[in-house]
file entry-v9.pdb (PDB, C-alpha atoms)
ATOM      1  CA  MET R  85     -33.196 -23.203   0.512
ATOM      2  CA  THR R  86     -29.648 -21.871   0.285
ATOM      3  CA  TYR R  87     -26.915 -24.026  -1.195
ATOM      4  CA  LYS R  88     -23.149 -24.061  -0.721
ATOM      5  CA  ALA R  89     -21.063 -22.335  -3.379
ATOM      6  CA  ILE R  90     -19.067 -25.552  -3.897
ATOM      7  CA  ASP R  91     -22.327 -27.319  -4.794
ATOM      8  CA  ILE R  92     -23.021 -24.726  -7.474
ATOM      9  CA  ALA R  93     -19.418 -24.918  -8.723
ATOM     10  CA  ASN R  94     -19.531 -28.707  -8.999
ATOM     11  CA  TRP R  95     -22.823 -28.490 -10.887
ATOM     12  CA  PHE R  96     -21.269 -26.145 -13.469
ATOM     13  CA  ILE R  97     -18.191 -28.358 -13.785
ATOM     14  CA  SER R  98     -20.397 -31.393 -14.362
ATOM     15  CA  GLN R  99     -22.390 -29.566 -17.039
ATOM     16  CA  PHE R 100     -19.301 -28.775 -19.042
ATOM     17  CA  ASP R 101     -17.993 -32.296 -18.738
ATOM     18  CA  LYS R 102     -21.341 -33.938 -19.449
ATOM     19  CA  GLU R 103     -23.095 -31.634 -21.902
ATOM     20  CA  SER R 104     -20.383 -30.585 -24.288
ATOM     21  CA  GLY R 105     -17.331 -32.637 -23.512
ATOM     22  CA  ASP R 106     -15.823 -29.187 -22.937
ATOM     23  CA  VAL R 107     -13.839 -28.216 -19.856
ATOM     24  CA  ILE R 108     -14.082 -25.418 -17.348
ATOM     25  CA  THR R 109     -11.296 -23.661 -15.481
ATOM     26  CA  HIS R 110     -11.208 -22.185 -12.018
ATOM     27  CA  LEU R 111     -11.412 -18.669 -13.472
ATOM     28  CA  LYS R 112     -14.585 -19.451 -15.360
ATOM     29  CA  VAL R 113     -16.355 -21.293 -12.555
ATOM     30  CA  GLN R 114     -15.752 -18.312 -10.248
ATOM     31  CA  LYS R 115     -17.383 -15.944 -12.744
ATOM     32  CA  LEU R 116     -20.335 -18.313 -13.209
ATOM     33  CA  LEU R 117     -20.777 -18.322  -9.428
ATOM     34  CA  TYR R 118     -20.892 -14.524  -9.460
ATOM     35  CA  PHE R 119     -23.489 -14.374 -12.231
ATOM     36  CA  SER R 120     -25.503 -17.164 -10.596
ATOM     37  CA  GLU R 121     -25.630 -15.220  -7.345
ATOM     38  CA  ALA R 122     -26.659 -12.090  -9.254
ATOM     39  CA  TRP R 123     -29.415 -13.846 -11.184
ATOM     40  CA  SER R 124     -30.709 -15.572  -8.062
ATOM     41  CA  GLN R 125     -30.836 -12.229  -6.263
ATOM     42  CA  VAL R 126     -32.787 -10.658  -9.141
ATOM     43  CA  LEU R 127     -35.021 -13.498 -10.331
ATOM     44  CA  LEU R 128     -35.649 -15.369  -7.073
ATOM     45  CA  GLU R 129     -35.084 -12.434  -4.717
ATOM     46  CA  LYS R 130     -32.854 -14.540  -2.505
ATOM     47  CA  GLU R 131     -29.247 -15.382  -1.868
ATOM     48  CA  LEU R 132     -28.074 -18.474  -3.741
ATOM     49  CA  PHE R 133     -25.210 -19.363  -1.394
ATOM     50  CA  PRO R 134     -24.063 -17.926   1.951
ATOM     51  CA  GLU R 135     -20.353 -17.613   1.151
ATOM     52  CA  GLU R 136     -19.018 -14.157   0.406
ATOM     53  CA  MET R 137     -17.325 -13.099  -2.814
ATOM     54  CA  GLU R 138     -14.086 -11.166  -2.726
ATOM     55  CA  ALA R 139     -12.938  -8.571  -5.263
ATOM     56  CA  TRP R 140      -9.762 -10.241  -6.518
ATOM     57  CA  THR R 141      -7.619  -9.054  -9.413
ATOM     58  CA  HIS R 142      -9.247 -11.480 -11.846
ATOM     59  CA  GLY R 143     -12.782 -10.658 -10.699
ATOM     60  CA  PRO R 144     -15.122 -11.993  -8.021
ATOM     61  CA  VAL R 145     -13.920 -15.071  -6.133
ATOM     62  CA  VAL R 146     -15.538 -17.301  -3.531
ATOM     63  CA  ARG R 147     -12.546 -18.145  -1.346
ATOM     64  CA  GLU R 148     -13.952 -21.506  -0.177
ATOM     65  CA  VAL R 149     -14.302 -22.647  -3.800
ATOM     66  CA  PHE R 150     -10.885 -21.252  -4.655
ATOM     67  CA  ASN R 151      -9.363 -23.261  -1.807
ATOM     68  CA  GLN R 152     -11.132 -26.428  -2.967
ATOM     69  CA  PHE R 153      -9.739 -26.174  -6.513
ATOM     70  CA  ASN R 154      -6.498 -24.282  -5.882
ATOM     71  CA  SER R 155      -4.310 -27.261  -6.726
ATOM     72  CA  ALA R 156      -5.740 -27.359 -10.270
ATOM     73  CA  GLY R 157      -4.130 -24.024 -11.116
ATOM     74  CA  TRP R 158      -5.195 -23.060 -14.641
ATOM     75  CA  GLN R 159      -6.006 -26.667 -15.588
ATOM     76  CA  PRO R 160      -9.550 -27.944 -16.252
ATOM     77  CA  LEU R 161     -11.530 -28.737 -13.110
ATOM     78  CA  ASN R 162     -13.079 -32.021 -12.084
ATOM     79  CA  VAL R 163     -16.100 -32.473  -9.845
ATOM     80  CA  THR R 164     -14.967 -32.920  -6.246
ATOM     81  CA  GLU R 165     -18.207 -33.941  -4.552
ATOM     82  CA  GLU R 166     -21.502 -35.586  -5.362
ATOM     83  CA  ILE R 167     -23.735 -33.335  -7.457
ATOM     84  CA  VAL R 168     -26.493 -31.814  -5.349
ATOM     85  CA  LYS R 169     -30.060 -31.830  -6.631
ATOM     86  CA  PHE R 170     -31.365 -28.267  -6.642
ATOM     87  CA  ASP R 171     -34.958 -27.156  -6.323
ATOM     88  CA  GLN R 172     -36.701 -26.260  -9.600
ATOM     89  CA  ASP R 173     -36.303 -22.473  -9.267
ATOM     90  CA  VAL R 174     -32.571 -22.716  -8.610
ATOM     91  CA  SER R 175     -32.137 -25.280 -11.405
ATOM     92  CA  ASN R 176     -33.852 -22.891 -13.799
ATOM     93  CA  VAL R 177     -31.583 -20.010 -12.789
ATOM     94  CA  LEU R 178     -28.446 -22.133 -13.156
ATOM     95  CA  LEU R 179     -29.539 -23.346 -16.578
ATOM     96  CA  GLN R 180     -30.221 -19.758 -17.657
ATOM     97  CA  VAL R 181     -26.796 -18.650 -16.431
ATOM     98  CA  LEU R 182     -25.191 -21.566 -18.263
ATOM     99  CA  GLU R 183     -27.058 -20.641 -21.439
ATOM    100  CA  ALA R 184     -26.173 -16.943 -21.142
ATOM    101  CA  TYR R 185     -22.515 -17.254 -20.130
ATOM    102  CA  GLY R 186     -21.413 -20.834 -20.762
ATOM    103  CA  ASP R 187     -19.976 -20.210 -24.212
ATOM    104  CA  ILE R 188     -18.142 -17.040 -23.202
ATOM    105  CA  SER R 189     -14.417 -17.391 -22.498
ATOM    106  CA  ALA R 190     -13.174 -17.099 -18.925
ATOM    107  CA  LYS R 191     -11.109 -14.006 -19.760
ATOM    108  CA  THR R 192     -14.108 -12.289 -21.366
ATOM    109  CA  LEU R 193     -16.218 -13.112 -18.292
ATOM    110  CA  GLU R 194     -13.435 -11.641 -16.157
ATOM    111  CA  GLU R 195     -13.505  -8.444 -18.230
ATOM    112  CA  MET R 196     -17.297  -8.311 -17.890
ATOM    113  CA  THR R 197     -17.086  -8.494 -14.090
ATOM    114  CA  HIS R 198     -14.502  -5.699 -14.140
ATOM    115  CA  GLN R 199     -17.160  -3.449 -15.677
ATOM    116  CA  ASP R 200     -19.682  -4.192 -12.926
ATOM    117  CA  ARG R 201     -20.137  -1.670 -10.130
ATOM    118  CA  PRO R 202     -20.121  -4.239  -7.269
ATOM    119  CA  TRP R 203     -16.585  -5.420  -8.124
ATOM    120  CA  LYS R 204     -15.327  -1.902  -8.826
ATOM    121  CA  ASP R 205     -16.846  -0.489  -5.621
ATOM    122  CA  ALA R 206     -15.367  -3.270  -3.491
ATOM    123  CA  ARG R 207     -11.888  -2.622  -4.894
ATOM    124  CA  GLY R 208     -12.166   1.147  -4.672
ATOM    125  CA  SER R 209      -9.136   2.886  -6.137
ATOM    126  CA  LEU R 210      -6.811  -0.126  -5.999
ATOM    127  CA  PRO R 211      -4.824  -0.772  -9.167
ATOM    128  CA  LEU R 212      -5.879  -3.876 -11.088
ATOM    129  CA  GLU R 213      -2.777  -5.856 -10.121
ATOM    130  CA  ALA R 214      -3.132  -5.095  -6.395
ATOM    131  CA  ARG R 215      -4.201  -7.918  -4.072
ATOM    132  CA  CYS R 216      -7.636  -7.406  -2.599
ATOM    133  CA  SER R 217      -9.814  -9.579  -0.421
ATOM    134  CA  ASP R 218     -12.513  -6.990   0.218
ATOM    135  CA  ILE R 219     -16.032  -8.405   0.199
ATOM    136  CA  ILE R 220     -18.420  -7.672  -2.658
ATOM    137  CA  SER R 221     -21.664  -7.193  -0.768
ATOM    138  CA  LYS R 222     -24.604  -9.335  -1.806
ATOM    139  CA  ASN R 223     -26.801  -6.240  -1.564
ATOM    140  CA  SER R 224     -24.613  -4.342  -4.032
ATOM    141  CA  ILE R 225     -24.940  -7.258  -6.456
ATOM    142  CA  LYS R 226     -28.714  -7.293  -6.077
ATOM    143  CA  VAL R 227     -29.086  -3.539  -6.518
ATOM    144  CA  TYR R 228     -26.733  -3.379  -9.501
ATOM    145  CA  PHE R 229     -28.229  -6.291 -11.422
ATOM    146  CA  THR R 230     -31.798  -5.238 -10.613
ATOM    147  CA  GLU R 231     -31.029  -1.825 -12.109
ATOM    148  CA  LYS R 232     -29.183  -3.374 -15.046
ATOM    149  CA  TYR R 233     -32.016  -5.736 -15.967
ATOM    150  CA  ASN R 234     -34.955  -3.648 -14.733
ATOM    151  CA  GLU R 235     -36.296  -2.996 -18.227
ATOM    152  CA  ALA R 236     -36.124  -6.665 -19.236
ATOM    153  CA  LEU R 237     -37.695  -7.773 -15.957
ATOM    154  CA  ASN R 238     -40.652  -5.452 -16.361
ATOM    155  CA  ALA R 239     -41.247  -6.116 -20.055
TER
END

call {"tool": "encode", "arguments": {"input": "entry-v9.pdb", "output": "structure tokens"}}
result
Amino acid sequence: MTYKAIDIANWFISQFDKESGDVITHLKVQKLLYFSEAWSQVLLEKELFPEEMEAWTHGPVVREVFNQFNSAGWQPLNVTEEIVKFDQDVSNVLLQVLEAYGDISAKTLEEMTHQDRPWKDARGSLPLEARCSDIISKNSIKVYFTEKYNEALNA
């Protein structure tokens, strides 16, 4: 089953609120969506959500999620919809992503995505501050992260 990106975003927001009493910003939730899509592509060999990601200045962005939370600006996010129950495989991937990236600052996650070939390829030679809404292809994410984690996956 494929889920909506907003469902994944709300799940992450709820985890920060519930688990740690910590908060999550729009910037961070967008990066967690990117890594969740990547891990789903590699570990489950399927797309996590159908929405596209765009190569914005601050890293990958799902426009539909951006639009949902745009009014929050840089403030902490609150869940906007009922939390969806995910199947076990997807739940496991999301928990792994949360464990791997949850304690990393939003700006550090942004810098990490700027090192990734899918984001860089989508932006091409644009300067960092230039607006860009070019799509980061799901296939480029799958190929890149499969190569990146190939050794760990086959260990």

call {"tool": "resolve_selection", "arguments": {"input": "entry-v9.pdb", "expression": "the PyMOL selection byres ((chain R and resi 136) around 9)", "output": "PyMOL selection string"}}
result
chain R and resi 133-135+137-138+145-148+219-222

call {"tool": "residues_around", "arguments": {"input": "entry-v9.pdb", "residues": "Val163 of chain R", "least_positions_apart": "6", "cutoff": "8 Å", "atoms": "only C-alpha atoms", "output": "PDB file with C-alpha atoms, in the frame of the given file"}}
result
ATOM      1  CA  ASN R  94     -19.531 -28.707  -8.999  1.00  0.00           C
ATOM      2  CA  TRP R  95     -22.823 -28.490 -10.887  1.00  0.00           C
ATOM      3  CA  ILE R  97     -18.191 -28.358 -13.785  1.00  0.00           C
ATOM      4  CA  SER R  98     -20.397 -31.393 -14.362  1.00  0.00           C
TER       5      SER R  98
END

call {"tool": "closest_residue", "arguments": {"input": "entry-v9.pdb", "among": "R:Asp200, R:Lys88, R:Leu161, R:Ala190", "to": "Phe229 of chain R", "atoms": "all atoms listed in the file"}}
result
R:Asp200

call {"tool": "resolve_selection", "arguments": {"input": "entry-v9.pdb", "expression": "the PyMOL selection byres ((chain R and resi 204) around 12)", "output": "PDB file with C-alpha atoms, in the frame of the given file"}}
result
ATOM      1  CA  GLU R 138     -14.086 -11.166  -2.726  1.00  0.00           C
ATOM      2  CA  ALA R 139     -12.938  -8.571  -5.263  1.00  0.00           C
ATOM      3  CA  TRP R 140      -9.762 -10.241  -6.518  1.00  0.00           C
ATOM      4  CA  THR R 141      -7.619  -9.054  -9.413  1.00  0.00           C
ATOM      5  CA  HIS R 142      -9.247 -11.480 -11.846  1.00  0.00           C
ATOM      6  CA  GLY R 143     -12.782 -10.658 -10.699  1.00  0.00           C
ATOM      7  CA  PRO R 144     -15.122 -11.993  -8.021  1.00  0.00           C
ATOM      8  CA  GLU R 195     -13.505  -8.444 -18.230  1.00  0.00           C
ATOM      9  CA  MET R 196     -17.297  -8.311 -17.890  1.00  0.00           C
ATOM     10  CA  THR R 197     -17.086  -8.494 -14.090  1.00  0.00           C
ATOM     11  CA  HIS R 198     -14.502  -5.699 -14.140  1.00  0.00           C
ATOM     12  CA  GLN R 199     -17.160  -3.449 -15.677  1.00  0.00           C
ATOM     13  CA  ASP R 200     -19.682  -4.192 -12.926  1.00  0.00           C
ATOM     14  CA  ARG R 201     -20.137  -1.670 -10.130  1.00  0.00           C
ATOM     15  CA  PRO R 202     -20.121  -4.239  -7.269  1.00  0.00           C
ATOM     16  CA  TRP R 203     -16.585  -5.420  -8.124  1.00  0.00           C
ATOM     17  CA  ASP R 205     -16.846  -0.489  -5.621  1.00  0.00           C
ATOM     18  CA  ALA R 206     -15.367  -3.270  -3.491  1.00  0.00           C
ATOM     19  CA  ARG R 207     -11.888  -2.622  -4.894  1.00  0.00           C
ATOM     20  CA  GLY R 208     -12.166   1.147  -4.672  1.00  0.00           C
ATOM     21  CA  SER R 209      -9.136   2.886  -6.137  1.00  0.00           C
ATOM     22  CA  LEU R 210      -6.811  -0.126  -5.999  1.00  0.00           C
ATOM     23  CA  PRO R 211      -4.824  -0.772  -9.167  1.00  0.00           C
ATOM     24  CA  LEU R 212      -5.879  -3.876 -11.088  1.00  0.00           C
ATOM     25  CA  CYS R 216      -7.636  -7.406  -2.599  1.00  0.00           C
ATOM     26  CA  ASP R 218     -12.513  -6.990   0.218  1.00  0.00           C
ATOM     27  CA  ILE R 219     -16.032  -8.405   0.199  1.00  0.00           C
ATOM     28  CA  ILE R 220     -18.420  -7.672  -2.658  1.00  0.00           C
ATOM     29  CA  SER R 221     -21.664  -7.193  -0.768  1.00  0.00           C
ATOM     30  CA  SER R 224     -24.613  -4.342  -4.032  1.00  0.00           C
ATOM     31  CA  ILE R 225     -24.940  -7.258  -6.456  1.00  0.00           C
ATOM     32  CA  TYR R 228     -26.733  -3.379  -9.501  1.00  0.00           C
TER      33      TYR R 228
END

call {"tool": "atom_distance", "arguments": {"input": "entry-v9.pdb", "atom1": "atom CA of Phe170 of chain R", "atom2": "atom CA of Glu131 of chain R"}}
result
13.9 Å

call {"tool": "atom_distance", "arguments": {"input": "entry-v9.pdb", "atom1": "atom CA of Thr86 of chain R", "atom2": "atom CA of Asn176 of chain R"}}
result
14.7 Å

call {"tool": "atom_distance", "arguments": {"input": "entry-v9.pdb", "atom1": "atom CA of Val113 of chain R", "atom2": "atom CA of Ala89 of chain R"}}
result
10.4 Å

call {"tool": "resolve_selection", "arguments": {"input": "entry-v9.pdb", "expression": "the PyMOL selection byres ((chain R and resi 159) around 9)", "output": "number ranges by chain"}}
result
R: 108-110, 156-158, 160-161

call {"tool": "residues_around", "arguments": {"input": "entry-v9.pdb", "residues": "Leu132 of chain R", "least_positions_apart": "6", "cutoff": "9 Å", "atoms": "all atoms listed in the file", "output": "list in words"}}
result
Met85, Thr86, Tyr87, Lys88, Ala89, Ile92, Ser120, Glu121, Ala122, Trp123, Ser124, Gln125 and Val174 of chain R

call {"tool": "write_last_selection", "arguments": {"input": "entry-v9.pdb", "atoms": "C-alpha atoms", "output": "mmCIF file, in the frame of the given file"}}
result
data_model
loop_
_atom_site.group_PDB
_atom_site.id
_atom_site.type_symbol
_atom_site.label_atom_id
_atom_site.label_comp_id
_atom_site.auth_asym_id
_atom_site.auth_seq_id
_atom_site.Cartn_x
_atom_site.Cartn_y
_atom_site.Cartn_z
ATOM 1 C CA MET R 85 -33.196 -23.203 0.512
ATOM 2 C CA THR R 86 -29.648 -21.871 0.285
ATOM 3 C CA TYR R 87 -26.915 -24.026 -1.195
ATOM 4 C CA LYS R 88 -23.149 -24.061 -0.721
ATOM 5 C CA ALA R 89 -21.063 -22.335 -3.379
ATOM 6 C CA ILE R 92 -23.021 -24.726 -7.474
ATOM 7 C CA SER R 120 -25.503 -17.164 -10.596
ATOM 8 C CA GLU R 121 -25.630 -15.220 -7.345
ATOM 9 C CA ALA R 122 -26.659 -12.090 -9.254
ATOM 10 C CA TRP R 123 -29.415 -13.846 -11.184
ATOM 11 C CA SER R 124 -30.709 -15.572 -8.062
ATOM 12 C CA GLN R 125 -30.836 -12.229 -6.263
ATOM 13 C CA VAL R 174 -32.571 -22.716 -8.610
#

call {"tool": "closest_residue", "arguments": {"input": "entry-v9.pdb", "among": "R:Ala93, R:Gln99, R:Phe150, R:Asn223", "to": "Glu183 of chain R", "atoms": "all atoms listed in the file"}}
result
R:Gln99

call {"tool": "closest_residue", "arguments": {"input": "entry-v9.pdb", "among": "R:Glu166, R:Lys191, R:Gln114, R:Leu127", "to": "Phe153 of chain R", "atoms": "only C-alpha atoms"}}
result
R:Gln114

call {"tool": "closest_residue", "arguments": {"input": "entry-v9.pdb", "among": "R:Glu213, R:Leu178, R:Lys130, R:Tyr118", "to": "Glu194 of chain R", "atoms": "all atoms listed in the file"}}
result
R:Tyr118

call {"tool": "closest_residue", "arguments": {"input": "entry-v9.pdb", "among": "R:Glu165, R:Ser175, R:Tyr185, R:Gln152", "to": "Lys112 of chain R", "atoms": "all atoms listed in the file"}}
result
R:Tyr185

call {"tool": "decode", "arguments": {"input": "entry-v9.pdb", "residues": "segment 106-196 of chain R", "atoms": "C-alpha atoms", "output": "mmCIF file, in the first residue's frame"}}
result
data_model
loop_
_atom_site.group_PDB
_atom_site.id
_atom_site.type_symbol
_atom_site.label_atom_id
_atom_site.label_comp_id
_atom_site.auth_asym_id
_atom_site.auth_seq_id
_atom_site.Cartn_x
_atom_site.Cartn_y
_atom_site.Cartn_z
ATOM 1 C CA ASP R 106 10.378 17.712 21.587
ATOM 2 C CA VAL R 107 9.117 19.651 18.584
ATOM 3 C CA ILE R 108 9.642 19.371 14.866
ATOM 4 C CA THR R 109 9.757 22.129 12.275
ATOM 5 C CA HIS R 110 8.654 22.166 8.675
ATOM 6 C CA LEU R 111 12.281 21.982 7.523
ATOM 7 C CA LYS R 112 12.928 18.837 9.506
ATOM 8 C CA VAL R 113 9.728 17.027 8.569
ATOM 9 C CA GLN R 114 10.515 17.596 4.876
ATOM 10 C CA LYS R 115 13.949 16.000 5.277
ATOM 11 C CA LEU R 116 12.465 13.056 7.193
ATOM 12 C CA LEU R 117 10.025 12.559 4.313
ATOM 13 C CA TYR R 118 12.950 12.444 1.891
ATOM 14 C CA PHE R 119 14.874 9.887 3.942
ATOM 15 C CA SER R 120 11.706 7.850 4.513
ATOM 16 C CA GLU R 121 11.098 7.676 0.776
ATOM 17 C CA ALA R 122 14.732 6.673 0.230
ATOM 18 C CA TRP R 123 14.657 3.946 2.868
ATOM 19 C CA SER R 124 11.337 2.607 1.609
ATOM 20 C CA GLN R 125 12.735 2.453 -1.920
ATOM 21 C CA VAL R 126 15.809 0.544 -0.710
ATOM 22 C CA LEU R 127 14.424 -1.672 2.056
ATOM 23 C CA LEU R 128 10.900 -2.347 0.778
ATOM 24 C CA GLU R 129 11.621 -1.816 -2.921
ATOM 25 C CA LYS R 130 8.565 0.382 -3.280
ATOM 26 C CA GLU R 131 7.477 3.980 -3.266
ATOM 27 C CA LEU R 132 6.310 5.180 0.146
ATOM 28 C CA PHE R 133 4.091 8.010 -1.108
ATOM 29 C CA PRO R 134 3.024 9.109 -4.604
ATOM 30 C CA GLU R 135 3.745 12.829 -4.237
ATOM 31 C CA GLU R 136 6.856 14.174 -5.909
ATOM 32 C CA MET R 137 9.725 15.913 -4.149
ATOM 33 C CA GLU R 138 11.116 19.150 -5.498
ATOM 34 C CA ALA R 139 14.725 20.334 -5.245
ATOM 35 C CA TRP R 140 14.229 23.528 -3.244
ATOM 36 C CA THR R 141 16.983 25.712 -1.820
ATOM 37 C CA HIS R 142 16.710 24.121 1.622
ATOM 38 C CA GLY R 143 16.632 20.569 0.255
ATOM 39 C CA PRO R 144 13.906 18.191 -0.906
ATOM 40 C CA VAL R 145 10.325 19.366 -0.379
ATOM 41 C CA VAL R 146 6.958 17.712 -0.912
ATOM 42 C CA ARG R 147 4.877 20.673 -2.073
ATOM 43 C CA GLU R 148 1.567 19.251 -0.784
ATOM 44 C CA VAL R 149 3.032 18.954 2.725
ATOM 45 C CA PHE R 150 4.619 22.383 2.441
ATOM 46 C CA ASN R 151 1.234 23.863 1.540
ATOM 47 C CA GLN R 152 -0.424 22.113 4.489
ATOM 48 C CA PHE R 153 2.042 23.556 7.021
ATOM 49 C CA ASN R 154 3.053 26.788 5.282
ATOM 50 C CA SER R 155 1.300 28.989 7.822
ATOM 51 C CA ALA R 156 3.522 27.611 10.611
ATOM 52 C CA GLY R 157 6.603 29.231 9.090
ATOM 53 C CA TRP R 158 9.621 28.217 11.176
ATOM 54 C CA GLN R 159 7.480 27.421 14.234
ATOM 55 C CA PRO R 160 6.963 23.887 15.605
ATOM 56 C CA LEU R 161 4.350 21.863 13.736
ATOM 57 C CA ASN R 162 1.192 20.299 15.086
ATOM 58 C CA VAL R 163 -0.569 17.247 13.700
ATOM 59 C CA THR R 164 -3.240 18.328 11.223
ATOM 60 C CA GLU R 165 -5.083 15.064 10.623
ATOM 61 C CA GLU R 166 -5.789 11.782 12.339
ATOM 62 C CA ILE R 167 -2.698 9.578 12.515
ATOM 63 C CA VAL R 168 -2.868 6.790 9.954
ATOM 64 C CA LYS R 169 -2.022 3.242 10.986
ATOM 65 C CA PHE R 170 0.722 1.935 8.712
ATOM 66 C CA ASP R 171 1.398 -1.662 7.793
ATOM 67 C CA GLN R 172 4.210 -3.358 9.740
ATOM 68 C CA ASP R 173 6.888 -2.966 7.040
ATOM 69 C CA VAL R 174 6.245 0.756 6.653
ATOM 70 C CA SER R 175 6.081 1.232 10.437
ATOM 71 C CA ASN R 176 9.466 -0.449 10.747
ATOM 72 C CA VAL R 177 10.997 1.803 8.093
ATOM 73 C CA LEU R 178 9.583 4.946 9.706
ATOM 74 C CA LEU R 179 10.871 3.904 13.117
ATOM 75 C CA GLN R 180 14.316 3.236 11.637
ATOM 76 C CA VAL R 181 14.341 6.643 9.946
ATOM 77 C CA LEU R 182 13.278 8.275 13.208
ATOM 78 C CA GLU R 183 16.049 6.454 15.061
ATOM 79 C CA ALA R 184 18.677 7.333 12.441
ATOM 80 C CA TYR R 185 17.754 10.976 11.826
ATOM 81 C CA GLY R 186 15.414 12.089 14.604
ATOM 82 C CA ASP R 187 18.102 13.575 16.824
ATOM 83 C CA ILE R 188 19.857 15.393 13.988
ATOM 84 C CA SER R 189 19.102 19.108 13.633
ATOM 85 C CA ALA R 190 17.011 20.299 10.699
ATOM 86 C CA LYS R 191 19.896 22.374 9.321
ATOM 87 C CA THR R 192 22.271 19.398 9.476
ATOM 88 C CA LEU R 193 19.680 17.244 7.680
ATOM 89 C CA GLU R 194 19.403 19.995 5.069
ATOM 90 C CA GLU R 195 23.184 19.955 4.594
ATOM 91 C CA MET R 196 23.101 16.158 4.291
#
